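Engineer: Input file: run-v4.txt. Contents: compact mmCIF, C-alpha atoms.
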# COMPACT_ATOMS: atom_id res chain seq x y z
CA THR A 74 -36.72 92.22 -43.64
CA GLY A 75 -33.97 90.00 -42.23
CA LEU A 76 -30.46 90.13 -43.76
CA ILE A 77 -31.32 92.15 -46.86
CA GLY A 78 -27.90 93.31 -48.06
CA GLU A 79 -26.68 96.69 -49.29
CA ALA A 80 -29.55 97.32 -51.76
CA GLY A 81 -32.22 96.49 -49.20
CA GLY A 82 -33.05 100.12 -48.46
CA LYS A 83 -34.56 100.67 -51.93
CA ALA A 84 -36.66 97.51 -51.52
CA ILE A 85 -37.98 98.76 -48.18
CA VAL A 86 -38.92 102.10 -49.77
CA ASP A 87 -40.89 100.27 -52.49
CA LEU A 88 -42.72 98.25 -49.83
CA LEU A 89 -43.49 101.21 -47.58
CA PHE A 90 -44.84 103.31 -50.46
CA GLY A 91 -46.91 100.46 -51.88
CA LYS A 92 -45.03 99.89 -55.12
CA CYS A 93 -44.75 96.24 -54.08
CA VAL A 94 -46.75 94.08 -51.70
CA PRO A 95 -44.59 92.27 -49.08
CA SER A 96 -44.77 88.49 -49.20
CA GLY A 97 -41.81 87.29 -47.15
CA LYS A 98 -42.11 85.14 -44.03
CA LEU A 99 -39.84 84.92 -41.02
CA ALA A 100 -37.42 82.02 -41.21
CA GLU A 101 -36.88 82.16 -37.44
CA SER A 102 -38.88 83.04 -34.35
CA TRP A 103 -38.38 86.40 -32.63
CA PRO A 104 -38.75 85.85 -28.86
CA MET A 105 -40.17 88.38 -26.41
CA LYS A 106 -36.85 88.36 -24.54
CA TYR A 107 -33.55 86.50 -24.73
CA GLU A 108 -34.37 84.48 -21.61
CA ASP A 109 -37.27 82.88 -23.53
CA CYS A 110 -34.67 81.04 -25.64
CA ILE A 111 -34.25 77.64 -23.98
CA SER A 112 -30.50 77.73 -24.68
CA SER A 113 -29.93 81.13 -23.05
CA SER A 114 -28.95 79.66 -19.68
CA TYR A 115 -26.24 77.36 -21.00
CA SER A 116 -24.99 78.62 -24.36
CA MET A 117 -21.84 80.75 -24.57
CA ASN A 118 -20.61 79.53 -21.21
CA LYS A 119 -17.31 77.76 -20.60
CA GLN A 120 -17.59 75.10 -23.30
CA ARG A 121 -16.09 75.79 -26.73
CA ASP A 122 -18.49 73.55 -28.62
CA ALA A 123 -22.18 74.29 -29.11
CA HIS A 124 -24.26 71.94 -26.95
CA TYR A 125 -27.77 71.55 -28.30
CA ARG A 126 -29.18 70.31 -25.01
CA GLU A 127 -32.66 71.16 -26.21
CA GLY A 128 -32.48 68.34 -28.76
CA LEU A 129 -35.25 68.69 -31.34
CA TYR A 130 -36.70 71.76 -29.62
CA VAL A 131 -34.93 74.41 -31.67
CA GLY A 132 -36.75 77.65 -32.49
CA TYR A 133 -40.49 77.38 -33.12
CA ARG A 134 -40.44 73.70 -32.15
CA TYR A 135 -39.70 74.77 -28.57
CA TYR A 136 -41.98 77.81 -28.35
CA LEU A 137 -45.02 75.87 -29.58
CA SER A 138 -44.29 72.75 -27.53
CA ALA A 139 -43.63 74.67 -24.29
CA ASN A 140 -46.42 77.23 -24.85
CA VAL A 141 -43.96 80.13 -24.83
CA LYS A 142 -45.38 82.99 -26.91
CA PRO A 143 -42.83 84.66 -29.21
CA ARG A 144 -43.00 88.28 -30.28
CA TYR A 145 -43.16 87.20 -33.93
CA ALA A 146 -43.62 83.53 -34.77
CA PHE A 147 -41.75 81.43 -37.31
CA GLY A 148 -43.46 81.91 -40.68
CA HIS A 149 -44.98 85.28 -39.73
CA GLY A 150 -45.36 87.85 -42.49
CA LEU A 151 -47.34 90.97 -43.38
CA SER A 152 -49.28 91.93 -46.51
CA TYR A 153 -51.39 94.78 -47.88
CA THR A 154 -54.11 92.28 -48.76
CA THR A 155 -55.88 89.39 -47.03
CA PHE A 156 -56.21 85.72 -47.87
CA LYS A 157 -58.86 83.11 -47.19
CA TYR A 158 -58.02 79.42 -46.70
CA SER A 159 -60.76 76.90 -47.55
CA ASP A 160 -61.69 73.44 -48.87
CA MET A 161 -58.89 71.39 -47.35
CA LYS A 162 -58.73 67.84 -48.70
CA ILE A 163 -56.55 64.80 -48.09
CA ASP A 164 -56.63 62.34 -50.99
CA GLY A 165 -54.09 59.54 -50.67
CA ASN A 166 -50.71 61.25 -50.49
CA LYS A 167 -52.05 64.63 -51.63
CA VAL A 168 -53.02 67.48 -49.29
CA SER A 169 -54.73 70.46 -50.88
CA CYS A 170 -56.67 73.63 -50.11
CA MET A 171 -58.00 76.69 -51.91
CA ILE A 172 -56.41 80.12 -51.31
CA THR A 173 -58.40 83.23 -52.21
CA ASN A 174 -57.14 86.81 -52.32
CA THR A 175 -59.93 88.64 -50.48
CA GLY A 176 -58.29 92.08 -50.56
CA ASN A 177 -57.66 94.80 -53.12
CA TYR A 178 -54.05 94.16 -54.11
CA SER A 179 -52.33 91.54 -56.22
CA ALA A 180 -49.99 89.68 -53.89
CA LYS A 181 -48.31 86.43 -52.95
CA GLU A 182 -49.08 84.18 -49.99
CA ILE A 183 -46.87 81.46 -48.58
CA VAL A 184 -48.94 78.49 -47.42
CA GLN A 185 -47.20 76.37 -44.79
CA MET A 186 -47.89 72.71 -43.98
CA TYR A 187 -47.17 71.39 -40.47
CA ILE A 188 -47.75 67.95 -38.97
CA GLU A 189 -48.65 67.00 -35.40
CA SER A 190 -48.46 63.48 -33.95
CA ASP A 191 -50.52 62.16 -31.04
CA ASN A 192 -47.98 59.39 -30.30
CA LYS A 193 -46.52 60.03 -26.83
CA GLU A 194 -43.94 57.23 -26.81
CA PHE A 195 -41.39 59.35 -28.67
CA TYR A 196 -40.51 62.90 -27.82
CA ARG A 197 -41.06 65.26 -30.74
CA PRO A 198 -42.13 68.87 -31.25
CA LYS A 199 -45.81 69.77 -31.20
CA LEU A 200 -45.64 70.99 -34.81
CA GLU A 201 -43.09 70.29 -37.53
CA LEU A 202 -42.89 72.22 -40.80
CA LYS A 203 -43.10 69.76 -43.70
CA GLY A 204 -43.59 72.01 -46.71
CA PHE A 205 -44.49 75.45 -48.02
CA LYS A 206 -45.75 76.88 -51.31
CA LYS A 207 -45.83 80.48 -52.57
CA VAL A 208 -48.81 81.40 -54.74
CA PHE A 209 -49.54 84.65 -56.62
CA LEU A 210 -53.15 85.88 -56.62
CA ASN A 211 -54.94 88.85 -58.10
CA PRO A 212 -57.85 90.36 -56.11
CA ASN A 213 -60.75 87.86 -55.78
CA GLU A 214 -58.69 85.16 -57.51
CA SER A 215 -58.53 81.62 -56.06
CA LYS A 216 -55.96 78.91 -56.65
CA GLU A 217 -55.49 75.38 -55.39
CA VAL A 218 -52.33 74.66 -53.43
CA VAL A 219 -51.22 71.02 -53.31
CA PHE A 220 -48.69 69.32 -51.04
CA GLU A 221 -47.44 65.76 -51.21
CA ILE A 222 -47.03 63.69 -48.06
CA ASN A 223 -45.08 60.44 -47.86
CA ASP A 224 -43.58 58.17 -45.23
CA ARG A 225 -40.66 60.54 -44.60
CA THR A 226 -43.14 63.37 -43.97
CA LEU A 227 -44.41 61.49 -40.90
CA ALA A 228 -41.21 59.70 -39.88
CA ILE A 229 -38.76 60.29 -37.05
CA TYR A 230 -35.25 58.89 -36.69
CA HIS A 231 -34.73 56.12 -34.15
CA LYS A 232 -31.84 53.90 -35.32
CA ASP A 233 -33.52 54.26 -38.71
CA TRP A 234 -36.42 56.23 -40.16
CA ILE A 235 -39.62 54.91 -38.56
CA ILE A 236 -43.26 55.94 -38.41
CA PRO A 237 -44.82 55.57 -34.95
CA ASN A 238 -48.40 54.31 -34.84
CA GLY A 239 -51.11 56.85 -34.26
CA THR A 240 -53.09 59.81 -35.48
CA TYR A 241 -51.39 62.56 -37.44
CA THR A 242 -52.92 66.00 -37.87
CA ILE A 243 -52.05 67.92 -41.00
CA HIS A 244 -52.20 71.70 -40.46
CA LEU A 245 -52.22 74.40 -43.15
CA GLY A 246 -51.54 77.97 -42.09
CA SER A 247 -49.91 81.31 -42.77
CA SER A 248 -47.44 80.93 -39.87
CA SER A 249 -46.58 78.46 -37.13
CA ASP A 250 -48.99 80.22 -34.75
CA ASN A 251 -51.73 81.00 -37.29
CA ILE A 252 -53.22 77.71 -38.47
CA HIS A 253 -56.31 77.98 -40.70
CA LEU A 254 -57.17 74.40 -41.68
CA SER A 255 -56.55 70.99 -40.10
CA GLN A 256 -57.43 67.35 -40.82
CA THR A 257 -56.31 64.08 -39.26
CA ILE A 258 -55.19 60.78 -40.71
CA LEU A 259 -54.59 57.41 -39.02
CA LYS A 260 -51.29 55.69 -39.73
CA GLU A 261 -50.23 52.15 -38.91
CA GLY A 262 -46.53 52.47 -38.31
CA ASN A 263 -43.52 50.24 -37.78
CA VAL A 264 -42.67 47.78 -35.05
CA TYR A 265 -40.06 49.40 -32.82
CA ASP A 266 -38.57 49.49 -29.35
CA VAL A 267 -39.31 52.64 -27.38
CA PRO A 268 -36.16 54.60 -26.48
CA THR A 269 -35.49 55.83 -22.96
CA VAL A 270 -35.36 59.62 -22.95
CA PRO A 271 -34.96 61.96 -19.94
CA SER A 272 -38.24 63.38 -18.67
CA TRP A 273 -37.37 66.96 -19.60
CA TYR A 274 -37.87 66.15 -23.28
CA PHE A 275 -41.50 65.25 -22.56
CA ASP A 276 -42.56 67.76 -19.90
CA LEU A 277 -40.28 70.71 -20.85
CA GLU A 278 -40.14 71.87 -17.24
CA GLY A 279 -37.18 74.09 -16.39
CA ILE A 280 -34.07 73.62 -18.53
CA PRO A 281 -32.30 70.48 -19.79
CA THR A 282 -29.27 69.64 -17.66
CA HIS A 283 -25.87 68.48 -18.86
CA THR A 284 -26.79 65.02 -17.54
CA ASP A 285 -30.03 65.06 -19.54
CA PHE A 286 -28.05 65.93 -22.65
CA GLU A 287 -25.56 63.10 -22.17
CA GLU A 288 -28.39 60.63 -21.54
CA LEU A 289 -30.13 61.79 -24.71
CA LEU A 290 -26.90 61.37 -26.71
CA GLY A 291 -26.09 58.03 -25.11
CA ARG A 292 -22.49 59.05 -24.38
CA LYS A 293 -20.36 61.41 -22.34
CA VAL A 294 -19.68 64.87 -23.70
CA VAL A 295 -15.92 65.41 -23.52
CA GLU A 296 -14.43 68.81 -24.19
CA LYS A 297 -11.11 68.88 -26.05
CA VAL A 298 -8.18 69.72 -23.76
CA TYR A 299 -5.54 71.92 -25.39
CA LYS A 300 -1.89 72.02 -24.40
CA LYS A 301 1.14 74.04 -25.40
CA GLY A 302 2.67 72.74 -28.61
CA ASP A 303 -0.63 71.72 -30.20
CA PHE A 304 -1.97 75.12 -31.19
CA THR A 305 -2.52 76.08 -34.82
CA MET A 306 -4.08 78.99 -36.68
CA GLU A 307 -7.43 77.24 -36.22
CA ASN A 308 -7.32 77.88 -32.47
CA SER A 309 -8.77 80.97 -30.83
CA VAL A 310 -7.63 83.44 -28.20
CA ASP A 311 -9.92 81.67 -25.72
CA ASP A 312 -8.22 78.32 -26.46
CA MET A 313 -4.77 79.74 -25.79
CA LYS A 314 -5.30 82.26 -22.99
CA ASP A 315 -4.44 79.81 -20.18
CA HIS A 316 -1.13 78.91 -21.83
CA SER A 317 0.36 82.30 -22.66
CA ILE A 318 0.71 85.74 -21.08
CA LEU A 319 0.41 87.21 -24.60
CA MET A 320 -3.01 85.63 -25.06
CA LYS A 321 -4.09 86.71 -21.56
CA ILE A 322 -3.27 90.29 -22.58
CA MET A 323 -5.09 89.89 -25.90
CA TYR A 324 -8.09 88.40 -24.06
CA LYS A 325 -8.26 91.39 -21.74
CA PHE A 326 -7.80 93.79 -24.66
CA VAL A 327 -10.79 92.26 -26.47
CA GLU A 328 -12.95 92.54 -23.33
CA ILE A 329 -12.04 96.21 -22.94
CA PHE A 330 -12.28 97.04 -26.67
CA MET A 331 -15.75 95.47 -26.98
CA SER A 332 -16.94 97.38 -23.91
CA SER A 333 -16.48 100.70 -25.76
CA GLY A 334 -20.02 100.44 -27.08
CA TYR A 335 -21.41 99.67 -23.64
CA GLY A 336 -20.09 102.55 -21.54
CA TRP A 337 -16.66 100.92 -21.15
CA LYS A 338 -18.20 98.41 -18.76
CA ILE A 339 -17.16 94.75 -18.86
CA ASP A 340 -20.54 93.27 -18.03
CA TYR A 341 -21.23 89.63 -18.88
CA THR A 342 -24.81 90.00 -17.62
CA ASN A 343 -25.38 92.21 -20.68
CA ASN A 344 -26.31 89.64 -23.32
CA ALA A 345 -25.39 91.88 -26.27
CA TYR A 346 -21.92 92.54 -24.84
CA LYS A 347 -21.48 88.88 -23.95
CA MET A 348 -22.34 87.80 -27.50
CA MET A 349 -19.84 90.21 -29.04
CA VAL A 350 -17.01 89.21 -26.70
CA VAL A 351 -17.60 85.47 -26.93
CA ASN A 352 -17.79 85.65 -30.72
CA ALA A 353 -14.50 87.56 -30.92
CA LEU A 354 -12.63 85.40 -28.40
CA ASN A 355 -13.76 82.16 -30.05
CA THR A 356 -12.91 83.15 -33.62
CA SER A 357 -9.91 81.22 -34.94
CA MET A 358 -6.68 83.10 -35.63
CA SER A 359 -7.07 82.31 -39.34
CA GLY A 360 -10.60 83.72 -39.15
CA ILE A 361 -9.31 86.93 -37.57
CA LYS A 362 -6.61 87.21 -40.21
CA SER A 363 -9.02 86.82 -43.10
CA SER A 364 -11.63 89.14 -41.60
CA ILE A 365 -9.22 92.05 -41.25
CA CYS A 366 -7.27 91.18 -44.44
CA MET A 367 -3.86 90.86 -42.77
CA LYS A 368 -1.10 90.27 -45.31
CA ASN A 369 1.73 89.62 -42.83
CA TYR A 370 2.54 86.69 -40.56
CA LEU A 371 2.03 88.41 -37.21
CA LEU A 372 -0.63 85.99 -35.99
CA GLU A 373 1.27 82.92 -37.20
CA GLY A 374 4.22 84.18 -35.18
CA LEU A 375 2.07 84.66 -32.09
CA VAL A 376 0.85 81.07 -32.35
CA GLU A 377 4.45 79.83 -32.55
CA ILE A 378 5.35 81.85 -29.43
CA VAL A 379 2.35 80.42 -27.55
CA ASN A 380 3.57 76.94 -28.50
CA GLY A 381 6.91 77.76 -26.82
CA HIS A 382 8.87 78.51 -30.01
CA VAL A 383 9.81 82.10 -29.18
CA PHE A 384 12.63 82.67 -31.68
CA LYS A 385 10.81 80.81 -34.44
CA GLY A 386 7.74 82.92 -33.71
CA ILE A 387 9.67 86.20 -33.93
CA LYS A 388 11.27 85.05 -37.18
CA THR A 389 7.86 84.10 -38.57
CA MET A 390 6.48 87.56 -37.84
CA PHE A 391 9.07 89.11 -40.19
CA ARG A 392 8.41 86.76 -43.10
CA LYS A 393 7.45 88.46 -46.32
Translate the structure described by the file into structure tokens.

Structural biologist:
Amino acid sequence: TGLIGEAGGKAIVDLLFGKCVPSGKLAESWPMKYEDCISSSYSMNKQRDAHYREGLYVGYRYYLSANVKPRYAFGHGLSYTTFKYSDMKIDGNKVSCMITNTGNYSAKEIVQMYIESDNKEFYRPKLELKGFKKVFLNPNESKEVVFEINDRTLAIYHKDWIIPNGTYTIHLGSSSDNIHLSQTILKEGNVYDVPTVPSWYFDLEGIPTHTDFEELLGRKVVEKVYKKGDFTMENSVDDMKDHSILMKIMYKFVEIFMSSGYGWKIDYTNNAYKMMVVNALNTSMSGIKSSICMKNYLLEGLVEIVNGHVFKGIKTMFRK
């Protein structure tokens, strides 16, 4: 059901008791375990910024390309009826197929269109979602679903949008790992120079290193260095902990407070605990203030004290 909101319980009841037929699809992949996420070994470490070392291989693009089976794939969804895909056609820039409700309940299906390129000069995911259509069907009813493809559908970005030469396979399916129909087209692309990309982005062996990431970006990745006097309400406890005994105490308090749900054990090998702590310690002071609806200037005063303005900080705390 995803993030359904406060009225979601009533919707679930209607689905479970058959008043409605579910038709939603997962907008993200659910892995078997956290370690299956390619970013698990380097995210939430010492760096403040998010480093997308995996490049284009985010979510289903990685799982399919690296042959890592998820628990539930991107685009997965359940229904009380069944659907048949047939009669796929490619006519110019139109891709179409027939969808038939072969079950006993009126329902909706979401048809997903993915592309696959055989060009090996550029690194790119095995499959890329390029469109989806939701269609309502009564039992035994059939409807045609039509997608439009254009140059941007096939293109990748390399200094500009370009289309590499080669064969492109158009896939139609009910999820990223449940393809029903496929056809290929031949495309004469642009003239281009082939970029140099680290080998990991082609073979997907192991994990991408920091060096791989910098080579992919074409520049050094430099973390911002904070110093006393520069802090604002947009800085976090983690930013300021090495510059103030107050923030060291607050840092330790957060670690202990968050451990209450995990047997009072500060355990960074526990991914759930680690996520909670890192999220709290990297939230800006203004974010903390708004989230707990503080109406005083306590946090503003703390920031002033961290910056070395002790008396100004104390005075700020007592502002009305």

Engineer: Set out as a tab-separated table a contact list for region 91-126 of chain A and region 263-287 of chain A with a cut-off of 12 Å, giving each residue of region 91-126 of chain A that qualifies its closest atom pair and distance in Å to one decimal, counting all atoms listed in the file, ordered by chain and rising residue number.

Structural biologist:
residue	atom	partner	partner_atom	distance
A:Glu108	CA	A:Ile280	CA	11.3
A:Asp109	CA	A:Ile280	CA	11.0
A:Cys110	CA	A:Ile280	CA	10.3
A:Ile111	CA	A:Ile280	CA	6.8
A:Ser112	CA	A:Ile280	CA	8.2
A:Ser113	CA	A:Ile280	CA	9.7
A:Ser114	CA	A:Ile280	CA	8.0
A:Tyr115	CA	A:Thr282	CA	8.9
A:Ser116	CA	A:His283	CA	11.6
A:Gln120	CA	A:His283	CA	11.5
A:His124	CA	A:Phe286	CA	8.3
A:Tyr125	CA	A:Phe286	CA	8.0
A:Arg126	CA	A:Phe286	CA	5.1

Engineer: Taking all atoms listed in the file into account, name the residue in A:Ile339, A:Thr155, A:Gly75, A:Val294 that is nearest to Lys325 (chain A).

Structural biologist: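 When distances to Lys325 (chain A) are compared using all atoms listed in the file, the smallest one comes from A:Ile339.
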
Engineer: Every residue with an atom at most 8 Å from (6.1, 81.3, -42.1) (file coordinates; only C-alpha atoms) is what I'm after, so could you write them as a PyMOL selection string?

Structural biologist: chain A and resi 370+373-374+389-390+392

Engineer: Take CA of Leu227 (chain A) and CA of Glu201 (chain A) and report the distance between them in Å, one decimal.

Structural biologist: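 A separation of 9.5 Å between them.
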
Engineer: Could you check which of A:Met171, A:Ile183, A:Leu319, A:Ile163 is closest to Lys98 (chain A), using all atoms listed in the file?

Structural biologist: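 Once distances to Lys98 (chain A) are computed over all atoms listed in the file, the minimum belongs to A:Ile183.
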
Engineer: Which is closer to Asn213 (chain A) than all the others in A:Thr173, A:Ser138, A:Asn352, A:Thr226, using only C-alpha atoms?

Structural biologist: A:Thr173

Engineer: With only C-alpha atoms as the counted atoms, please give the residues lying no more than 9 Å from Val350 (chain A), apart from itself and same-chain residues fewer than 6 positions off, as a ChimeraX atom specification.

Structural biologist: /A:327-328,331-332,341

Engineer: Find the spatial neighbours of Gln185 (chain A), counting all atoms listed in the file, within a cut-off of 12 Å - ignore same-chain residues fewer than 3 positions away - and output them as an NGL selection string.

Structural biologist: :A and (98-100 or 147-150 or 158 or 168-170 or 172 or 182 or 188 or 200-208 or 218-220 or 243-255)

Engineer: Between CA of Ile222 (chain A) and CA of Met186 (chain A), measure the distance and give it in Å to one decimal.

Structural biologist: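 Answer for the CA of Ile222 (chain A) to CA of Met186 (chain A) separation: 9.9 Å.
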
Engineer: Have a look at CA of Glu214 (chain A) and CA of Ser159 (chain A) and let me know their distance in Å, one decimal.

Structural biologist: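 A separation of 13.1 Å between them.
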